[in-house]
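For reference, run.pdb (PDB, C-alpha atoms):
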ATOM      1  CA  MET L 101     155.848  37.762  67.021  1.00  0.00           C
ATOM      2  CA  ASN L 102     155.478  41.305  68.451  1.00  0.00           C
ATOM      3  CA  GLN L 103     151.802  40.851  69.363  1.00  0.00           C
ATOM      4  CA  ILE L 104     150.333  44.194  70.398  1.00  0.00           C
ATOM      5  CA  LEU L 105     146.767  43.378  71.321  1.00  0.00           C
ATOM      6  CA  GLU L 106     144.067  40.770  71.083  1.00  0.00           C
ATOM      7  CA  THR L 107     140.352  40.717  70.332  1.00  0.00           C
ATOM      8  CA  SER L 108     137.904  37.843  70.606  1.00  0.00           C
ATOM      9  CA  ARG L 109     138.779  36.579  67.104  1.00  0.00           C
ATOM     10  CA  CYS L 110     142.096  38.195  66.216  1.00  0.00           C
ATOM     11  CA  TYR L 111     145.432  39.323  67.414  1.00  0.00           C
ATOM     12  CA  LEU L 112     147.265  42.355  66.112  1.00  0.00           C
ATOM     13  CA  ARG L 113     151.027  42.394  65.698  1.00  0.00           C
ATOM     14  CA  GLN L 114     153.679  44.544  64.113  1.00  0.00           C
ATOM     15  CA  LEU L 115     153.968  44.307  60.349  1.00  0.00           C
ATOM     16  CA  THR L 116     157.127  42.588  59.110  1.00  0.00           C
ATOM     17  CA  ILE L 117     158.780  42.002  55.747  1.00  0.00           C
ATOM     18  CA  ASP L 118     157.252  38.511  55.875  1.00  0.00           C
ATOM     19  CA  ASP L 119     153.899  40.228  55.250  1.00  0.00           C
ATOM     20  CA  ALA L 120     155.026  41.522  51.838  1.00  0.00           C
ATOM     21  CA  THR L 121     153.004  39.034  49.779  1.00  0.00           C
ATOM     22  CA  HIS L 122     149.846  39.749  51.792  1.00  0.00           C
ATOM     23  CA  PHE L 123     150.428  43.501  51.555  1.00  0.00           C
ATOM     24  CA  TYR L 124     150.950  43.247  47.806  1.00  0.00           C
ATOM     25  CA  GLU L 125     147.807  41.135  47.305  1.00  0.00           C
ATOM     26  CA  LEU L 126     145.695  43.368  49.552  1.00  0.00           C
ATOM     27  CA  ASN L 127     146.513  46.506  47.556  1.00  0.00           C
ATOM     28  CA  LEU L 128     146.159  44.658  44.258  1.00  0.00           C
ATOM     29  CA  ASP L 129     142.356  44.584  44.627  1.00  0.00           C
ATOM     30  CA  PRO L 130     140.945  47.821  43.127  1.00  0.00           C
ATOM     31  CA  GLU L 131     137.868  47.616  45.371  1.00  0.00           C
ATOM     32  CA  VAL L 132     140.024  47.394  48.502  1.00  0.00           C
ATOM     33  CA  ILE L 133     142.012  50.534  47.657  1.00  0.00           C
ATOM     34  CA  LYS L 134     139.160  52.396  45.923  1.00  0.00           C
ATOM     35  CA  TYR L 135     138.695  54.929  48.741  1.00  0.00           C
ATOM     36  CA  THR L 136     142.260  55.110  50.021  1.00  0.00           C
ATOM     37  CA  GLY L 137     144.161  57.265  47.564  1.00  0.00           C
ATOM     38  CA  ASP L 138     146.787  54.495  47.446  1.00  0.00           C
ATOM     39  CA  ASN L 139     148.028  52.683  44.367  1.00  0.00           C
ATOM     40  CA  ALA L 140     148.755  48.996  44.068  1.00  0.00           C
ATOM     41  CA  PHE L 141     152.358  47.986  44.666  1.00  0.00           C
ATOM     42  CA  GLU L 142     154.221  47.248  41.438  1.00  0.00           C
ATOM     43  CA  SER L 143     155.514  43.962  42.817  1.00  0.00           C
ATOM     44  CA  ILE L 144     155.911  41.888  45.948  1.00  0.00           C
ATOM     45  CA  ASP L 145     159.429  43.312  46.153  1.00  0.00           C
ATOM     46  CA  ALA L 146     158.012  46.859  46.200  1.00  0.00           C
ATOM     47  CA  ALA L 147     155.706  45.851  49.079  1.00  0.00           C
ATOM     48  CA  ARG L 148     158.711  44.293  50.851  1.00  0.00           C
ATOM     49  CA  GLN L 149     160.710  47.518  50.410  1.00  0.00           C
ATOM     50  CA  PHE L 150     157.803  49.511  51.850  1.00  0.00           C
ATOM     51  CA  LEU L 151     157.703  47.226  54.900  1.00  0.00           C
ATOM     52  CA  GLU L 152     161.499  47.328  55.300  1.00  0.00           C
ATOM     53  CA  ASN L 153     161.288  51.118  55.550  1.00  0.00           C
ATOM     54  CA  TYR L 154     158.154  51.174  57.725  1.00  0.00           C
ATOM     55  CA  ASN L 155     159.458  52.468  61.065  1.00  0.00           C
ATOM     56  CA  PRO L 156     156.710  54.181  63.120  1.00  0.00           C
ATOM     57  CA  TYR L 157     157.006  51.509  65.829  1.00  0.00           C
ATOM     58  CA  GLN L 158     160.522  52.712  66.600  1.00  0.00           C
ATOM     59  CA  LYS L 159     159.783  56.370  65.888  1.00  0.00           C
ATOM     60  CA  TYR L 160     156.453  56.829  67.718  1.00  0.00           C
ATOM     61  CA  GLY L 161     155.829  53.590  69.611  1.00  0.00           C
ATOM     62  CA  TYR L 162     152.875  52.504  67.462  1.00  0.00           C
ATOM     63  CA  GLY L 163     151.686  52.156  63.885  1.00  0.00           C
ATOM     64  CA  ARG L 164     149.500  50.058  61.640  1.00  0.00           C
ATOM     65  CA  TRP L 165     149.339  46.402  62.720  1.00  0.00           C
ATOM     66  CA  ALA L 166     148.736  43.119  60.926  1.00  0.00           C
ATOM     67  CA  VAL L 167     145.388  41.551  61.824  1.00  0.00           C
ATOM     68  CA  ILE L 168     145.714  37.792  62.223  1.00  0.00           C
ATOM     69  CA  ASP L 169     142.866  35.304  62.712  1.00  0.00           C
ATOM     70  CA  LYS L 170     143.454  33.447  65.992  1.00  0.00           C
ATOM     71  CA  LYS L 171     142.054  30.134  64.746  1.00  0.00           C
ATOM     72  CA  THR L 172     143.603  29.946  61.283  1.00  0.00           C
ATOM     73  CA  ASN L 173     146.636  32.238  61.733  1.00  0.00           C
ATOM     74  CA  GLU L 174     145.570  33.879  58.464  1.00  0.00           C
ATOM     75  CA  PHE L 175     146.459  37.501  57.591  1.00  0.00           C
ATOM     76  CA  LEU L 176     143.106  39.322  57.287  1.00  0.00           C
ATOM     77  CA  GLY L 177     144.388  42.830  56.669  1.00  0.00           C
ATOM     78  CA  TRP L 178     145.682  45.617  58.861  1.00  0.00           C
ATOM     79  CA  CYS L 179     144.353  48.039  61.430  1.00  0.00           C
ATOM     80  CA  GLY L 180     146.066  50.532  63.656  1.00  0.00           C
ATOM     81  CA  LEU L 181     147.126  53.992  64.593  1.00  0.00           C
ATOM     82  CA  LYS L 182     149.274  56.418  62.648  1.00  0.00           C
ATOM     83  CA  TYR L 183     150.897  59.518  64.075  1.00  0.00           C
ATOM     84  CA  SER L 184     151.128  62.477  61.688  1.00  0.00           C
ATOM     85  CA  PRO L 185     153.750  64.919  63.006  1.00  0.00           C
ATOM     86  CA  GLU L 186     152.716  67.636  60.552  1.00  0.00           C
ATOM     87  CA  LEU L 187     149.192  67.609  62.063  1.00  0.00           C
ATOM     88  CA  ASN L 188     150.287  66.504  65.548  1.00  0.00           C
ATOM     89  CA  GLU L 189     147.515  63.930  65.622  1.00  0.00           C
ATOM     90  CA  THR L 190     146.922  60.198  65.601  1.00  0.00           C
ATOM     91  CA  ASP L 191     144.707  58.665  62.946  1.00  0.00           C
ATOM     92  CA  LEU L 192     142.918  55.315  63.080  1.00  0.00           C
ATOM     93  CA  GLY L 193     142.958  53.301  59.861  1.00  0.00           C
ATOM     94  CA  PHE L 194     142.076  49.834  58.616  1.00  0.00           C
ATOM     95  CA  ARG L 195     142.113  47.754  55.447  1.00  0.00           C
ATOM     96  CA  PHE L 196     140.960  44.163  54.969  1.00  0.00           C
ATOM     97  CA  PHE L 197     140.799  41.619  52.186  1.00  0.00           C
ATOM     98  CA  LYS L 198     137.355  41.774  50.577  1.00  0.00           C
ATOM     99  CA  LYS L 199     136.469  38.240  51.675  1.00  0.00           C
ATOM    100  CA  TYR L 200     136.502  39.523  55.295  1.00  0.00           C
ATOM    101  CA  TRP L 201     134.238  42.518  54.694  1.00  0.00           C
ATOM    102  CA  ASN L 202     130.872  42.676  56.478  1.00  0.00           C
ATOM    103  CA  GLN L 203     131.975  40.229  59.176  1.00  0.00           C
ATOM    104  CA  GLY L 204     132.736  42.783  61.891  1.00  0.00           C
ATOM    105  CA  TYR L 205     136.535  42.524  61.741  1.00  0.00           C
ATOM    106  CA  ALA L 206     137.063  46.233  61.026  1.00  0.00           C
ATOM    107  CA  THR L 207     134.781  47.275  63.881  1.00  0.00           C
ATOM    108  CA  GLU L 208     136.274  44.730  66.299  1.00  0.00           C
ATOM    109  CA  THR L 209     139.887  45.641  65.627  1.00  0.00           C
ATOM    110  CA  ALA L 210     139.299  49.393  65.238  1.00  0.00           C
ATOM    111  CA  LYS L 211     137.595  49.467  68.651  1.00  0.00           C
ATOM    112  CA  ALA L 212     140.532  47.549  70.154  1.00  0.00           C
ATOM    113  CA  CYS L 213     143.003  50.014  68.601  1.00  0.00           C
ATOM    114  CA  LEU L 214     141.013  52.971  69.918  1.00  0.00           C
ATOM    115  CA  ASP L 215     141.007  51.467  73.421  1.00  0.00           C
ATOM    116  CA  TYR L 216     144.719  50.704  73.173  1.00  0.00           C
ATOM    117  CA  GLY L 217     145.466  54.262  72.075  1.00  0.00           C
ATOM    118  CA  PHE L 218     143.636  55.745  75.034  1.00  0.00           C
ATOM    119  CA  ASN L 219     144.409  53.190  77.754  1.00  0.00           C
ATOM    120  CA  GLN L 220     147.960  52.062  76.891  1.00  0.00           C
ATOM    121  CA  LEU L 221     149.404  54.969  74.919  1.00  0.00           C
ATOM    122  CA  HIS L 222     147.479  57.620  76.893  1.00  0.00           C
ATOM    123  CA  LEU L 223     146.523  59.558  73.773  1.00  0.00           C
ATOM    124  CA  THR L 224     143.995  62.324  74.366  1.00  0.00           C
ATOM    125  CA  LYS L 225     142.477  62.373  70.875  1.00  0.00           C
ATOM    126  CA  ILE L 226     142.250  59.970  67.924  1.00  0.00           C
ATOM    127  CA  VAL L 227     140.805  60.922  64.543  1.00  0.00           C
ATOM    128  CA  GLY L 228     139.423  58.922  61.650  1.00  0.00           C
ATOM    129  CA  ARG L 229     139.221  60.174  58.075  1.00  0.00           C
ATOM    130  CA  ALA L 230     137.360  58.632  55.176  1.00  0.00           C
ATOM    131  CA  MET L 231     136.078  59.555  51.773  1.00  0.00           C
ATOM    132  CA  GLU L 232     132.443  60.532  52.155  1.00  0.00           C
ATOM    133  CA  ALA L 233     131.464  57.888  49.585  1.00  0.00           C
ATOM    134  CA  ASN L 234     133.082  55.145  51.683  1.00  0.00           C
ATOM    135  CA  VAL L 235     129.904  54.377  53.631  1.00  0.00           C
ATOM    136  CA  ALA L 236     131.269  51.155  55.177  1.00  0.00           C
ATOM    137  CA  SER L 237     134.294  52.867  56.741  1.00  0.00           C
ATOM    138  CA  VAL L 238     132.170  55.766  57.987  1.00  0.00           C
ATOM    139  CA  LYS L 239     129.842  53.237  59.660  1.00  0.00           C
ATOM    140  CA  VAL L 240     132.812  51.617  61.407  1.00  0.00           C
ATOM    141  CA  LEU L 241     133.967  54.991  62.760  1.00  0.00           C
ATOM    142  CA  GLU L 242     130.458  55.658  64.072  1.00  0.00           C
ATOM    143  CA  LYS L 243     130.061  52.160  65.572  1.00  0.00           C
ATOM    144  CA  ILE L 244     133.230  52.542  67.636  1.00  0.00           C
ATOM    145  CA  GLY L 245     132.011  55.793  69.133  1.00  0.00           C
ATOM    146  CA  MET L 246     133.769  58.394  67.046  1.00  0.00           C
ATOM    147  CA  THR L 247     131.901  61.651  66.494  1.00  0.00           C
ATOM    148  CA  PHE L 248     131.534  63.507  63.207  1.00  0.00           C
ATOM    149  CA  VAL L 249     133.569  66.734  63.278  1.00  0.00           C
ATOM    150  CA  MET L 250     133.351  68.134  59.754  1.00  0.00           C
ATOM    151  CA  LYS L 251     133.496  67.532  56.058  1.00  0.00           C
ATOM    152  CA  CYS L 252     136.994  67.857  54.673  1.00  0.00           C
ATOM    153  CA  GLU L 253     139.134  66.962  51.712  1.00  0.00           C
ATOM    154  CA  PHE L 254     140.451  63.407  51.776  1.00  0.00           C
ATOM    155  CA  GLU L 255     142.921  62.350  49.095  1.00  0.00           C
ATOM    156  CA  LEU L 256     141.489  65.066  46.778  1.00  0.00           C
ATOM    157  CA  HIS L 257     137.910  63.804  47.308  1.00  0.00           C
ATOM    158  CA  ASP L 258     135.027  64.853  49.528  1.00  0.00           C
ATOM    159  CA  GLY L 259     135.813  63.429  52.912  1.00  0.00           C
ATOM    160  CA  VAL L 260     134.697  63.355  56.522  1.00  0.00           C
ATOM    161  CA  LEU L 261     136.600  63.751  59.755  1.00  0.00           C
ATOM    162  CA  TYR L 262     135.583  61.874  62.899  1.00  0.00           C
ATOM    163  CA  GLN L 263     137.150  62.139  66.311  1.00  0.00           C
ATOM    164  CA  LYS L 264     137.092  60.643  69.780  1.00  0.00           C
ATOM    165  CA  ASN L 265     138.621  62.215  72.871  1.00  0.00           C
ATOM    166  CA  ASN L 266     139.767  60.370  75.938  1.00  0.00           C
TER     167      ASN L 266
END
Before we go any further, please render this structure as structure tokens.
Amino acid sequence: MNQILETSRCYLRQLTIDDATHFYELNLDPEVIKYTGDNAFESIDAARQFLENYNPYQKYGYGRWAVIDKKTNEFLGWCGLKYSPELNETDLGFRFFKKYWNQGYATETAKACLDYGFNQLHLTKIVGRAMEANVASVKVLEKIGMTFVMKCEFELHDGVLYQKNN
């Protein structure tokens, strides 16, 4: 199963091609991807191809992880860390199906990923970027202890950069 970490309600594991349908459906919702700069996948097969080529686990030792409800085994979304070699930094990101919004899943799993990054991966800094208009994501970054650094461009929109150092 490649479980990476666990929270009180969820476990996080590596994404696999078996997640293609969930990935496709998650990005199909315009409200879910509104502040991401991403487009919906054209098909489940396109989502599967993306996952087949998704290799940061092998390349960097970490990546975005599937968030699975412990009780129901349901795919809630994803959360995790992403290394950007061009910036030499690790970014925290998350995306959940709308029916799981405002239930604390993003905060719970983002905090766990932050802790994992510092305590297991021994990262010294993790950043979080969001469009300024994405108030919910900004709140999550603040709740997990990240500090506002500056306004910046995010996917060609007004954005904010948050950071936490170990």
Among the residues L:Ala146, L:Cys110, L:Leu214, L:Leu192, the one that comes closest to Val238 in chain L [using all atoms listed in the file]: L:Leu192
Chain and number of each residue from the PyMOL selection byres ((chain L and resi 193) around 6), as a list in words: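 Applying the expression gives Cys179, Gly180, Leu192 and Phe194 of chain L.
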File of the preceding selection, C-alpha atoms, as an mmCIF file, in the coordinates of the input:
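Saved as part-v8.cif:
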data_model
loop_
_atom_site.group_PDB
_atom_site.id
_atom_site.type_symbol
_atom_site.label_atom_id
_atom_site.label_comp_id
_atom_site.auth_asym_id
_atom_site.auth_seq_id
_atom_site.Cartn_x
_atom_site.Cartn_y
_atom_site.Cartn_z
ATOM 1 C CA CYS L 179 144.353 48.039 61.430
ATOM 2 C CA GLY L 180 146.066 50.532 63.656
ATOM 3 C CA LEU L 192 142.918 55.315 63.080
ATOM 4 C CA PHE L 194 142.076 49.834 58.616
#
Distance in Å - CA of Asp119 in chain L versus CA of Glu131 in chain L: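 Here the two named atoms are 20.2 Å from each other.
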Counting all atoms listed in the file, the option among L:Arg148, L:Arg113, L:His222, L:Lys243 closest to Phe175 in chain L: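 Among the listed residues, L:Arg113 lies closest to Phe175 in chain L.
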Would you place a box with edges along x, y and z of the file around all atoms of range 199-203 of chain L listed there, add 4 Å to each of its six sides, and report the centre and edge lengths in Å to one decimal, as AutoDock Vina command-line options?
--center_x 133.7 --center_y 40.5 --center_z 55.4 --size_x 13.6 --size_y 12.4 --size_z 15.5
Target residues per the PyMOL selection byres ((chain L and resi 224) around 6), formatted as a ChimeraX atom specification: /L:223,225,265-266
Contacts of Leu126 in chain L at 12 Å (all atoms listed in the file; same-chain gap of 5+ positions) as a PyMOL selection string: chain L and resi 119-121+131-134+138-141+143-144+147+166+175-178+194-200
Pick from L:Asp118, L:Glu232, L:Glu189, L:Glu208, whichever lies nearest to Cys252 in chain L using all atoms listed in the file: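 When distances to Cys252 in chain L are compared using all atoms listed in the file, the smallest one comes from L:Glu232.
Here CA of Asp145 in chain L and CA of Ile168 in chain L stand 21.8 Å from one another.
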Coordinates-based distance that separates CA of Lys239 in chain L from CA of Ala206 in chain L (Å, one decimal): 10.2 Å
Nearest-residue call for Leu105 in chain L, choices L:Gln158, L:Gln203, L:Lys211, L:Glu186, using only C-alpha atoms: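 Result for the nearest residue to Leu105 in chain L: L:Lys211.
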